[in-house]
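Participant: Just entry.txt, nothing more (compact mmCIF, C-alpha atoms):
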```
# COMPACT_ATOMS: atom_id res chain seq x y z
CA MET U 1 0.00 0.00 0.00
CA ALA U 2 1.43 3.37 -0.98
CA LYS U 3 2.06 5.63 1.99
CA LYS U 4 0.04 8.81 2.02
CA LYS U 5 2.15 11.91 1.56
CA ILE U 6 2.17 14.26 4.53
CA ARG U 7 2.95 17.90 3.91
CA LEU U 8 3.83 20.71 6.31
CA SER U 9 0.46 22.27 5.50
CA ASP U 10 -1.33 19.09 6.68
CA ILE U 11 0.50 19.23 10.01
CA ILE U 12 -0.26 22.92 10.45
CA LYS U 13 -3.96 22.33 9.83
CA CYS U 14 -4.27 19.24 12.04
CA PHE U 15 -2.51 20.64 15.11
CA SER U 16 -3.23 24.38 14.72
CA LEU U 17 0.44 25.31 14.41
CA HIS U 18 1.47 28.96 14.07
CA ILE U 19 3.40 29.87 10.93
CA GLU U 20 6.44 31.94 11.95
CA CYS U 21 8.05 32.05 8.50
CA GLY U 22 8.30 30.23 5.18
CA GLN U 23 4.70 30.78 4.07
CA GLY U 24 5.54 29.83 0.48
CA LEU U 25 7.23 26.55 1.39
CA LEU U 26 4.46 24.78 3.24
CA ASP U 27 3.63 22.27 0.51
CA ARG U 28 6.93 20.55 1.34
CA GLU U 29 6.62 16.86 1.98
CA VAL U 30 7.51 15.59 5.46
CA GLU U 31 9.33 12.27 5.19
CA GLY U 32 10.00 11.71 8.87
CA GLY U 33 10.75 13.44 12.13
CA TYR U 34 13.47 14.08 14.68
CA VAL U 35 13.32 15.58 18.17
CA SER U 36 16.34 17.09 19.88
CA ASP U 37 17.61 20.31 21.42
CA LEU U 38 21.27 19.38 20.93
CA LEU U 39 22.49 20.73 17.62
CA SER U 40 25.30 18.20 17.14
CA ASP U 41 22.80 15.43 17.74
CA VAL U 42 20.52 16.82 15.03
CA MET U 43 23.50 17.16 12.68
CA ALA U 44 24.45 13.54 13.32
CA HIS U 45 21.05 11.84 13.31
CA SER U 46 18.36 13.82 11.48
CA LYS U 47 17.56 12.90 7.91
CA MET U 48 16.76 14.86 4.78
CA GLY U 49 13.05 15.74 4.69
CA ASP U 50 12.57 15.41 8.46
CA VAL U 51 10.48 17.78 10.47
CA TRP U 52 12.62 18.89 13.44
CA ILE U 53 10.96 19.44 16.80
CA THR U 54 12.94 21.58 19.24
CA LEU U 55 12.78 24.33 21.86
CA GLN U 56 15.80 26.18 20.43
CA GLY U 57 14.79 29.42 18.73
CA HIS U 58 18.20 31.00 18.07
CA PRO U 59 19.57 31.69 14.55
CA ASN U 60 21.88 28.66 14.41
CA ILE U 61 18.92 26.27 14.02
CA VAL U 62 18.56 27.64 10.48
CA ALA U 63 22.11 26.60 9.55
CA VAL U 64 21.51 23.11 10.95
CA ALA U 65 18.19 22.76 9.11
CA ARG U 66 19.73 23.99 5.86
CA LEU U 67 22.79 21.73 6.11
CA LYS U 68 20.66 18.66 6.80
CA GLU U 69 17.91 19.64 4.33
CA ILE U 70 15.26 19.54 7.03
CA ALA U 71 11.70 20.06 5.69
CA GLY U 72 10.77 22.42 8.52
CA ILE U 73 11.34 23.29 12.17
CA ILE U 74 8.60 23.18 14.83
CA LEU U 75 9.19 25.03 18.10
CA ILE U 76 7.29 23.63 21.05
CA ASN U 77 5.81 24.87 24.35
CA GLY U 78 4.76 28.20 22.84
CA ARG U 79 8.36 29.18 22.13
CA LYS U 80 8.96 31.72 19.38
CA PRO U 81 11.96 32.10 17.08
CA GLU U 82 14.21 35.12 17.63
CA GLU U 83 13.87 37.95 15.12
CA GLU U 84 17.30 37.17 13.65
CA THR U 85 16.26 33.52 13.27
CA ILE U 86 13.23 34.50 11.18
CA LYS U 87 15.39 36.74 8.97
CA LYS U 88 17.86 33.93 8.34
CA ALA U 89 15.13 31.35 7.82
CA GLU U 90 13.43 33.51 5.19
CA ALA U 91 16.76 34.01 3.40
CA GLU U 92 17.68 30.32 3.50
CA GLY U 93 14.21 28.96 2.77
CA VAL U 94 13.59 27.17 6.04
CA PRO U 95 9.96 27.13 7.27
CA ILE U 96 9.55 27.63 11.03
CA LEU U 97 6.32 26.70 12.78
CA SER U 98 5.40 26.83 16.44
CA SER U 99 3.07 24.94 18.74
CA ASP U 100 1.73 25.56 22.22
CA LEU U 101 2.02 21.84 22.94
CA PRO U 102 4.93 20.27 24.81
CA ALA U 103 7.28 18.11 22.69
CA PHE U 104 5.86 14.80 23.97
CA GLU U 105 2.31 15.69 22.99
CA LEU U 106 3.23 17.04 19.57
CA VAL U 107 5.48 14.11 18.69
CA GLY U 108 2.77 11.66 19.78
CA LYS U 109 0.25 13.34 17.52
CA LEU U 110 2.68 13.42 14.59
CA TYR U 111 3.45 9.73 15.06
CA GLU U 112 -0.25 8.91 15.07
CA MET U 113 -0.59 10.85 11.86
CA GLY U 114 2.04 8.67 10.21
CA VAL U 115 5.23 10.72 10.64
CA SER U 116 7.86 8.30 11.86
CA GLY U 117 11.39 8.62 13.20
CA LYS U 118 12.50 5.49 11.39
CA ARG U 119 13.10 5.22 7.69
CA MET V 120 44.45 0.99 -2.92
CA LEU V 121 45.89 2.46 -6.11
CA MET V 122 45.43 -0.84 -7.89
CA VAL V 123 41.75 -0.87 -6.96
CA LEU V 124 41.44 2.73 -8.07
CA GLY V 125 43.29 2.04 -11.31
CA HIS V 126 40.79 -0.62 -12.16
CA HIS V 127 38.07 1.97 -12.63
CA LEU V 128 40.14 4.44 -14.60
CA ARG V 129 39.74 4.30 -18.34
CA THR V 130 42.46 6.54 -19.71
CA LYS V 131 46.07 7.28 -18.89
CA ASN V 132 45.03 10.91 -18.43
CA GLU V 133 42.62 10.05 -15.64
CA TRP V 134 45.29 7.92 -14.01
CA ASP V 135 47.85 10.75 -14.20
CA ARG V 136 45.40 13.18 -12.67
CA VAL V 137 44.76 10.94 -9.69
CA MET V 138 48.48 10.35 -9.27
CA ARG V 139 49.18 14.08 -9.21
CA SER V 140 46.06 14.73 -7.12
CA GLU V 141 45.72 18.18 -8.55
CA ILE V 142 43.49 20.76 -6.91
CA LEU V 143 40.35 21.19 -8.99
CA PHE V 144 38.78 23.88 -6.83
CA GLN V 145 39.60 25.75 -3.65
CA GLN V 146 38.13 28.50 -1.54
CA LYS V 147 38.89 30.01 1.84
CA PHE V 148 36.26 31.15 4.33
CA LYS V 149 36.70 33.41 7.34
CA ILE V 150 35.09 32.43 10.64
CA HIS V 151 34.55 34.96 13.41
CA GLY V 152 34.84 33.76 16.99
CA GLY V 153 31.81 34.42 19.18
CA ASP V 154 29.52 35.21 16.23
CA PHE V 155 26.69 32.79 16.97
CA VAL V 156 24.30 34.59 14.62
CA ASN V 157 26.28 33.87 11.43
CA ALA V 158 27.81 30.61 12.64
CA GLY V 159 27.30 27.86 10.10
CA GLU V 160 27.28 30.10 7.03
CA SER V 161 30.68 28.96 5.75
CA SER V 162 29.49 25.36 6.02
CA ILE V 163 26.34 26.19 4.06
CA LYS V 164 28.48 27.84 1.34
CA ILE V 165 30.73 24.79 1.19
CA ARG V 166 27.74 22.51 0.90
CA ASN V 167 26.29 24.64 -1.92
CA ILE V 168 29.61 24.63 -3.80
CA LEU V 169 29.95 20.86 -3.56
CA LYS V 170 26.36 20.41 -4.68
CA GLU V 171 27.04 22.61 -7.70
CA ILE V 172 30.19 20.65 -8.60
CA GLY V 173 28.04 17.52 -8.50
CA ILE V 174 29.68 15.69 -5.59
CA ASP V 175 27.84 12.57 -4.37
CA THR V 176 25.05 13.33 -1.85
CA ASP V 177 26.42 11.04 0.84
CA ILE V 178 29.88 12.67 0.61
CA ILE V 179 28.23 16.11 0.85
CA ARG V 180 26.29 14.97 3.93
CA ARG V 181 29.53 13.88 5.62
CA ILE V 182 31.40 17.07 4.70
CA ALA V 183 28.47 19.24 5.85
CA ILE V 184 28.54 17.59 9.29
CA ALA V 185 32.33 17.85 9.62
CA ALA V 186 32.41 21.45 8.37
CA TYR V 187 29.59 22.54 10.70
CA GLU V 188 31.19 21.01 13.79
CA ALA V 189 34.60 22.48 12.91
CA GLU V 190 33.07 25.90 12.26
CA MET V 191 31.16 25.85 15.56
CA ASN V 192 34.34 24.94 17.44
CA VAL V 193 36.04 28.05 16.03
CA VAL V 194 33.01 30.20 16.91
CA MET V 195 32.94 28.81 20.46
CA PHE V 196 36.62 28.52 21.33
CA ALA V 197 38.59 30.94 19.16
CA GLN V 198 38.85 34.63 18.30
CA HIS V 199 38.92 33.95 14.59
CA GLY V 200 39.75 31.28 12.10
CA THR V 201 39.69 30.13 8.50
CA MET V 202 38.19 27.14 6.77
CA HIS V 203 39.90 26.19 3.55
CA LEU V 204 38.06 23.90 1.15
CA LEU V 205 40.23 22.00 -1.33
CA VAL V 206 38.64 19.73 -3.89
CA TYR V 207 40.99 17.22 -5.53
CA SER V 208 40.12 14.67 -8.19
CA ASN V 209 40.13 11.91 -5.61
CA LYS V 210 39.41 13.60 -2.27
CA ILE V 211 38.12 16.63 -0.44
CA LEU V 212 40.25 18.34 2.14
CA LEU V 213 38.98 20.79 4.75
CA LYS V 214 41.71 22.69 6.56
CA VAL V 215 40.51 24.60 9.59
CA ALA V 216 42.92 26.86 11.45
CA ASP V 217 42.11 29.17 14.34
CA GLU V 218 43.72 31.52 16.80
CA GLY V 219 42.14 30.63 20.07
CA GLN V 220 42.42 28.82 23.36
CA GLY V 221 43.65 25.56 21.86
CA ILE V 222 43.04 22.05 23.15
CA GLU V 223 44.89 20.90 26.24
CA ASN V 224 44.32 17.17 25.88
CA ILE V 225 43.32 16.07 22.37
CA GLU V 226 42.68 12.47 23.44
CA LEU V 227 40.22 13.69 26.07
CA ALA V 228 38.60 16.14 23.63
CA MET V 229 37.96 13.24 21.24
CA GLN V 230 35.91 11.39 23.86
CA PRO V 231 32.17 11.63 23.19
CA GLY V 232 30.49 13.76 25.86
CA PHE V 233 33.60 15.66 26.91
CA SER V 234 33.16 19.40 26.55
CA THR V 235 34.60 22.64 27.88
CA ALA V 236 31.63 24.71 26.65
CA THR V 237 30.12 27.33 28.92
CA GLU V 238 26.70 27.00 30.54
CA GLU V 239 25.34 29.59 28.10
CA MET V 240 26.53 27.60 25.07
CA ARG V 241 25.01 24.41 26.48
CA GLU V 242 21.65 26.11 26.93
CA MET V 243 21.76 26.94 23.23
CA GLY V 244 22.22 23.25 22.48
CA PHE V 245 25.96 23.41 21.84
CA GLY V 246 28.73 21.78 23.84
CA ALA V 247 27.26 18.27 23.91
CA GLY V 248 30.76 16.88 23.49
CA MET V 249 29.86 15.50 20.08
CA GLY V 250 31.77 17.92 17.84
CA LEU V 251 35.14 16.26 17.34
CA PRO V 252 33.65 12.72 17.52
CA ASN V 253 31.18 13.71 14.78
CA ILE V 254 34.03 15.01 12.65
CA LYS V 255 36.07 11.85 13.20
CA LYS V 256 33.12 9.63 12.35
CA ASN V 257 32.54 11.35 9.03
CA ALA V 258 36.17 11.84 7.97
CA ASP V 259 38.41 9.25 6.34
CA VAL V 260 41.42 10.91 7.97
CA LEU V 261 41.39 13.54 10.72
CA ASN V 262 44.56 15.27 11.89
CA ILE V 263 44.49 17.61 14.88
CA THR V 264 47.34 19.76 16.12
CA SER V 265 46.88 22.30 18.85
CA THR V 266 48.87 24.64 21.04
CA VAL V 267 47.24 25.84 24.24
CA GLY V 268 46.77 29.60 24.19
CA LYS V 269 47.61 29.81 20.48
CA GLY V 270 45.12 27.83 18.47
CA THR V 271 44.09 24.64 16.74
CA ARG V 272 44.46 23.16 13.27
CA LEU V 273 42.27 20.44 11.81
CA GLU V 274 42.78 18.58 8.57
CA ILE V 275 39.70 16.70 7.54
CA ASN V 276 40.13 14.36 4.61
CA ILE V 277 37.23 12.68 2.84
CA ASN V 278 37.97 10.36 -0.07
CA LEU V 279 35.69 10.69 -3.06
CA ASN V 280 35.62 6.97 -3.71
CA SER V 281 34.99 5.87 -0.12
CA LYS V 282 31.91 4.64 1.66
CA ASN V 283 31.34 5.52 5.29
CA ASP V 284 28.71 4.16 7.75
```
Please lay out the structure from this file as structure tokens.
Facilitator:
Amino acid sequence: MAKKKIRLSDIIKCFSLHIECGQGLLDREVEGGYVSDLLSDVMAHSKMGDVWITLQGHPNIVAVARLKEIAGIILINGRKPEEETIKKAEAEGVPILSSDLPAFELVGKLYEMGVSGKR
Amino acid sequence: MLMVLGHHLRTKNEWDRVMRSEILFQQKFKIHGGDFVNAGESSIKIRNILKEIGIDTDIIRRIAIAAYEAEMNVVMFAQHGTMHLLVYSNKILLKVADEGQGIENIELAMQPGFSTATEEMREMGFGAGMGLPNIKKNADVLNITSTVGKGTRLEININLNSKND
């Protein structure tokens, strides 16, 4: 059975995420997910097309997402990206979303939806 | 090694080029210590260059990880530094040199989890003690020389015909 494609826009709609930047990039397909607040860990273990769930909102998350070709970043617990982060993300083409949910809740919902950490 | 390589080479020209290992492309990038806002930009540029040249995706992934970790180390532990990308016909070399605090015990610094990062850096998600181990894991050869109080030099070598992981 072919797996149904999940896009950033589907996730935004389902879990009422806030769009912080990258409005034009939300039809991107999400191929999997990774959760971590340690940047080296994300560099080492995330995969291309992942959605990255983190509480870090500083500008360096954009470099990590760009280098690993992450589909999009979701900040949790109502955290917001810094102004400089949004500027960089717009320039580099990295969508940033945010959720009021804690990481555990959001990841659980994403997993239920069919976004998996294993590929 | 050379015999194996030679097997895949069709012309004498190709063979000569590998033997001479000529530089096909090179570029130097400046890294500013303490600049956490622009940290990672040199690595992104390097990744874009390699993508344009048409380097294999898995090699690019490995170089991106090594370059990022090396760049962050300069940002965190040095005043300034340079990252020099050299593309040869058979390998990619990243030379990173900084003027900074240096590494007291390289063997200890190579141990996963060991870090001298400040509390502030750790809160930002840096300083997990994974930097040098990540570089080592993705490099075919890693050379580190360092003088405490002066600075550190890394030579990261990734072969273009190698498989890693």
Participant: Counting all atoms listed in the file, which residues in chain U sit no more than 7 Å from chain V? For each one, give the nearest pair of atoms and the distance in Å, sorted by chain then residue number, as JSON lines.
Facilitator:
```
{"residue": "U:Asp37", "atom": "CA", "partner": "V:Gly244", "partner_atom": "CA", "distance": 5.6}
{"residue": "U:Leu38", "atom": "CA", "partner": "V:Gly244", "partner_atom": "CA", "distance": 4.3}
{"residue": "U:Leu39", "atom": "CA", "partner": "V:Gly244", "partner_atom": "CA", "distance": 5.5}
{"residue": "U:Ser40", "atom": "CA", "partner": "V:Met249", "partner_atom": "CA", "distance": 6.1}
{"residue": "U:Met43", "atom": "CA", "partner": "V:Ile184", "partner_atom": "CA", "distance": 6.1}
{"residue": "U:Ala44", "atom": "CA", "partner": "V:Asn253", "partner_atom": "CA", "distance": 6.9}
{"residue": "U:Gln56", "atom": "CA", "partner": "V:Met243", "partner_atom": "CA", "distance": 6.6}
{"residue": "U:Pro59", "atom": "CA", "partner": "V:Val156", "partner_atom": "CA", "distance": 5.5}
{"residue": "U:Asn60", "atom": "CA", "partner": "V:Val156", "partner_atom": "CA", "distance": 6.4}
{"residue": "U:Ala63", "atom": "CA", "partner": "V:Gly159", "partner_atom": "CA", "distance": 5.4}
{"residue": "U:Leu67", "atom": "CA", "partner": "V:Ile163", "partner_atom": "CA", "distance": 6.1}
```
Participant: For a quick check of understanding, using only C-alpha atoms, which of V:Thr201, V:Ser234, V:Asn132, V:Thr176 has the smallest distance to Leu273 of chain V?
Facilitator: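 Closest to Leu273 of chain V, using only C-alpha atoms: V:Thr201.
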Participant: Nearest to Asp50 of chain U among U:Gln23, U:Lys13, U:Pro102, U:Ile6, with distances taken over only C-alpha atoms: which residue is it?
Facilitator: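 Result for the nearest residue to Asp50 of chain U: U:Ile6.
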Participant: Write out as a short mmCIF file (atom, residue, chain, number, x, y, z; two decimals) with C-alpha atoms, in the coordinates of the input which residues come within 12 Å of Ile12 of chain U when counting all atoms listed in the file, dropping same-chain ones fewer than 2 positions away.
Facilitator:
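See around.cif below for the written result:
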```
data_model
loop_
_atom_site.label_atom_id
_atom_site.label_comp_id
_atom_site.auth_asym_id
_atom_site.auth_seq_id
_atom_site.Cartn_x
_atom_site.Cartn_y
_atom_site.Cartn_z
CA ILE U 6 2.17 14.26 4.53
CA ARG U 7 2.95 17.90 3.91
CA LEU U 8 3.83 20.71 6.31
CA SER U 9 0.46 22.27 5.50
CA ASP U 10 -1.33 19.09 6.68
CA CYS U 14 -4.27 19.24 12.04
CA PHE U 15 -2.51 20.64 15.11
CA SER U 16 -3.23 24.38 14.72
CA LEU U 17 0.44 25.31 14.41
CA HIS U 18 1.47 28.96 14.07
CA ILE U 19 3.40 29.87 10.93
CA GLU U 20 6.44 31.94 11.95
CA GLN U 23 4.70 30.78 4.07
CA LEU U 26 4.46 24.78 3.24
CA ASP U 27 3.63 22.27 0.51
CA ARG U 28 6.93 20.55 1.34
CA VAL U 30 7.51 15.59 5.46
CA VAL U 51 10.48 17.78 10.47
CA GLY U 72 10.77 22.42 8.52
CA ILE U 73 11.34 23.29 12.17
CA ILE U 74 8.60 23.18 14.83
CA PRO U 95 9.96 27.13 7.27
CA ILE U 96 9.55 27.63 11.03
CA LEU U 97 6.32 26.70 12.78
CA SER U 98 5.40 26.83 16.44
CA SER U 99 3.07 24.94 18.74
CA LEU U 106 3.23 17.04 19.57
CA LYS U 109 0.25 13.34 17.52
CA LEU U 110 2.68 13.42 14.59
#
```
Participant: One decimal, in Å: what's the spacing between atom CA of Lys269 of chain V and atom CA of Val206 of chain V?
Facilitator: 27.9 Å
Participant: Determine the nearest neighbour of Arg119 of chain U from the options U:Gly57, U:Glu31, U:Ile76, U:Gly93, counting all atoms listed in the file.
Facilitator: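 Residue with the minimum atom-to-atom distance to Arg119 of chain U: U:Glu31.
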Participant: Which one is closest to Asp100 of chain U: U:Ala65, U:Val35, U:Leu75, U:Cys21? Count all atoms listed in the file.
Facilitator: U:Leu75
Participant: From the set U:Glu105, U:Gly117, U:Leu25, U:His45, which residue has the shortest atom-to-atom contact distance to Glu92 of chain U, counting only C-alpha atoms?
Facilitator: U:Leu25
Participant: Would you mind telling me which residue in U:Glu29, U:Thr54, U:Gly49, U:Lys80 lies nearest to Val107 of chain U when using only C-alpha atoms?
Facilitator: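 The answer is U:Thr54, which sits nearest to Val107 of chain U.
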Participant: Where atoms are absent from segment 192-214 of chain V, fill them in so it carries N, CA, C and O atoms, then output it as a short mmCIF file (atom, residue, chain, number, x, y, z; two decimals), keeping the file's coordinate frame.
Facilitator:
```cif
data_model
loop_
_atom_site.label_atom_id
_atom_site.label_comp_id
_atom_site.auth_asym_id
_atom_site.auth_seq_id
_atom_site.Cartn_x
_atom_site.Cartn_y
_atom_site.Cartn_z
N ASN V 192 33.23 24.96 16.48
CA ASN V 192 34.34 24.94 17.44
C ASN V 192 35.14 26.25 17.37
O ASN V 192 35.56 26.77 18.41
N VAL V 193 35.33 26.77 16.16
CA VAL V 193 36.04 28.05 16.03
C VAL V 193 35.20 29.17 16.66
O VAL V 193 35.71 29.99 17.43
N VAL V 194 33.90 29.17 16.37
CA VAL V 194 33.01 30.20 16.91
C VAL V 194 33.01 30.16 18.45
O VAL V 194 33.05 31.20 19.11
N MET V 195 33.04 28.94 19.00
CA MET V 195 32.94 28.81 20.46
C MET V 195 34.27 29.04 21.18
O MET V 195 34.30 29.58 22.26
N PHE V 196 35.36 28.58 20.57
CA PHE V 196 36.62 28.52 21.33
C PHE V 196 37.77 29.34 20.77
O PHE V 196 38.90 29.20 21.21
N ALA V 197 37.50 30.16 19.75
CA ALA V 197 38.59 30.94 19.16
C ALA V 197 38.17 32.37 18.89
O ALA V 197 36.98 32.68 18.89
N GLN V 198 39.15 33.24 18.66
CA GLN V 198 38.85 34.63 18.30
C GLN V 198 38.48 34.71 16.82
O GLN V 198 37.56 35.40 16.43
N HIS V 199 39.27 34.05 16.00
CA HIS V 199 38.92 33.95 14.59
C HIS V 199 39.62 32.76 13.97
O HIS V 199 40.54 32.18 14.55
N GLY V 200 39.17 32.43 12.77
CA GLY V 200 39.75 31.28 12.10
C GLY V 200 39.42 31.26 10.62
O GLY V 200 38.69 32.12 10.12
N THR V 201 40.00 30.30 9.92
CA THR V 201 39.69 30.13 8.50
C THR V 201 39.36 28.67 8.22
O THR V 201 39.86 27.77 8.89
N MET V 202 38.49 28.49 7.24
CA MET V 202 38.19 27.14 6.77
C MET V 202 38.53 27.13 5.29
O MET V 202 38.01 27.94 4.52
N HIS V 203 39.40 26.23 4.92
CA HIS V 203 39.90 26.19 3.55
C HIS V 203 39.40 24.90 2.91
O HIS V 203 39.73 23.81 3.36
N LEU V 204 38.60 25.06 1.87
CA LEU V 204 38.06 23.90 1.15
C LEU V 204 38.93 23.62 -0.06
O LEU V 204 39.18 24.51 -0.87
N LEU V 205 39.44 22.40 -0.17
CA LEU V 205 40.23 22.00 -1.33
C LEU V 205 39.62 20.75 -1.94
O LEU V 205 39.47 19.73 -1.26
N VAL V 206 39.23 20.87 -3.20
CA VAL V 206 38.64 19.73 -3.89
C VAL V 206 39.68 19.16 -4.86
O VAL V 206 40.16 19.87 -5.74
N TYR V 207 40.06 17.92 -4.64
CA TYR V 207 40.99 17.22 -5.53
C TYR V 207 40.17 16.25 -6.39
O TYR V 207 38.99 16.04 -6.15
N SER V 208 40.84 15.63 -7.34
CA SER V 208 40.12 14.67 -8.19
C SER V 208 39.70 13.44 -7.39
O SER V 208 38.72 12.79 -7.71
N ASN V 209 40.42 13.15 -6.33
CA ASN V 209 40.13 11.91 -5.61
C ASN V 209 39.75 12.11 -4.14
O ASN V 209 39.48 11.16 -3.43
N LYS V 210 39.77 13.37 -3.68
CA LYS V 210 39.41 13.60 -2.27
C LYS V 210 39.01 15.05 -2.03
O LYS V 210 39.25 15.92 -2.87
N ILE V 211 38.42 15.27 -0.87
CA ILE V 211 38.12 16.63 -0.44
C ILE V 211 38.83 16.87 0.87
O ILE V 211 38.81 16.01 1.78
N LEU V 212 39.50 18.01 0.95
CA LEU V 212 40.25 18.34 2.14
C LEU V 212 39.69 19.62 2.74
O LEU V 212 39.48 20.61 2.02
N LEU V 213 39.40 19.59 4.03
CA LEU V 213 38.98 20.79 4.75
C LEU V 213 40.08 21.10 5.74
O LEU V 213 40.39 20.29 6.62
N LYS V 214 40.69 22.28 5.60
CA LYS V 214 41.71 22.69 6.56
C LYS V 214 41.14 23.82 7.40
O LYS V 214 40.76 24.87 6.85
#
```
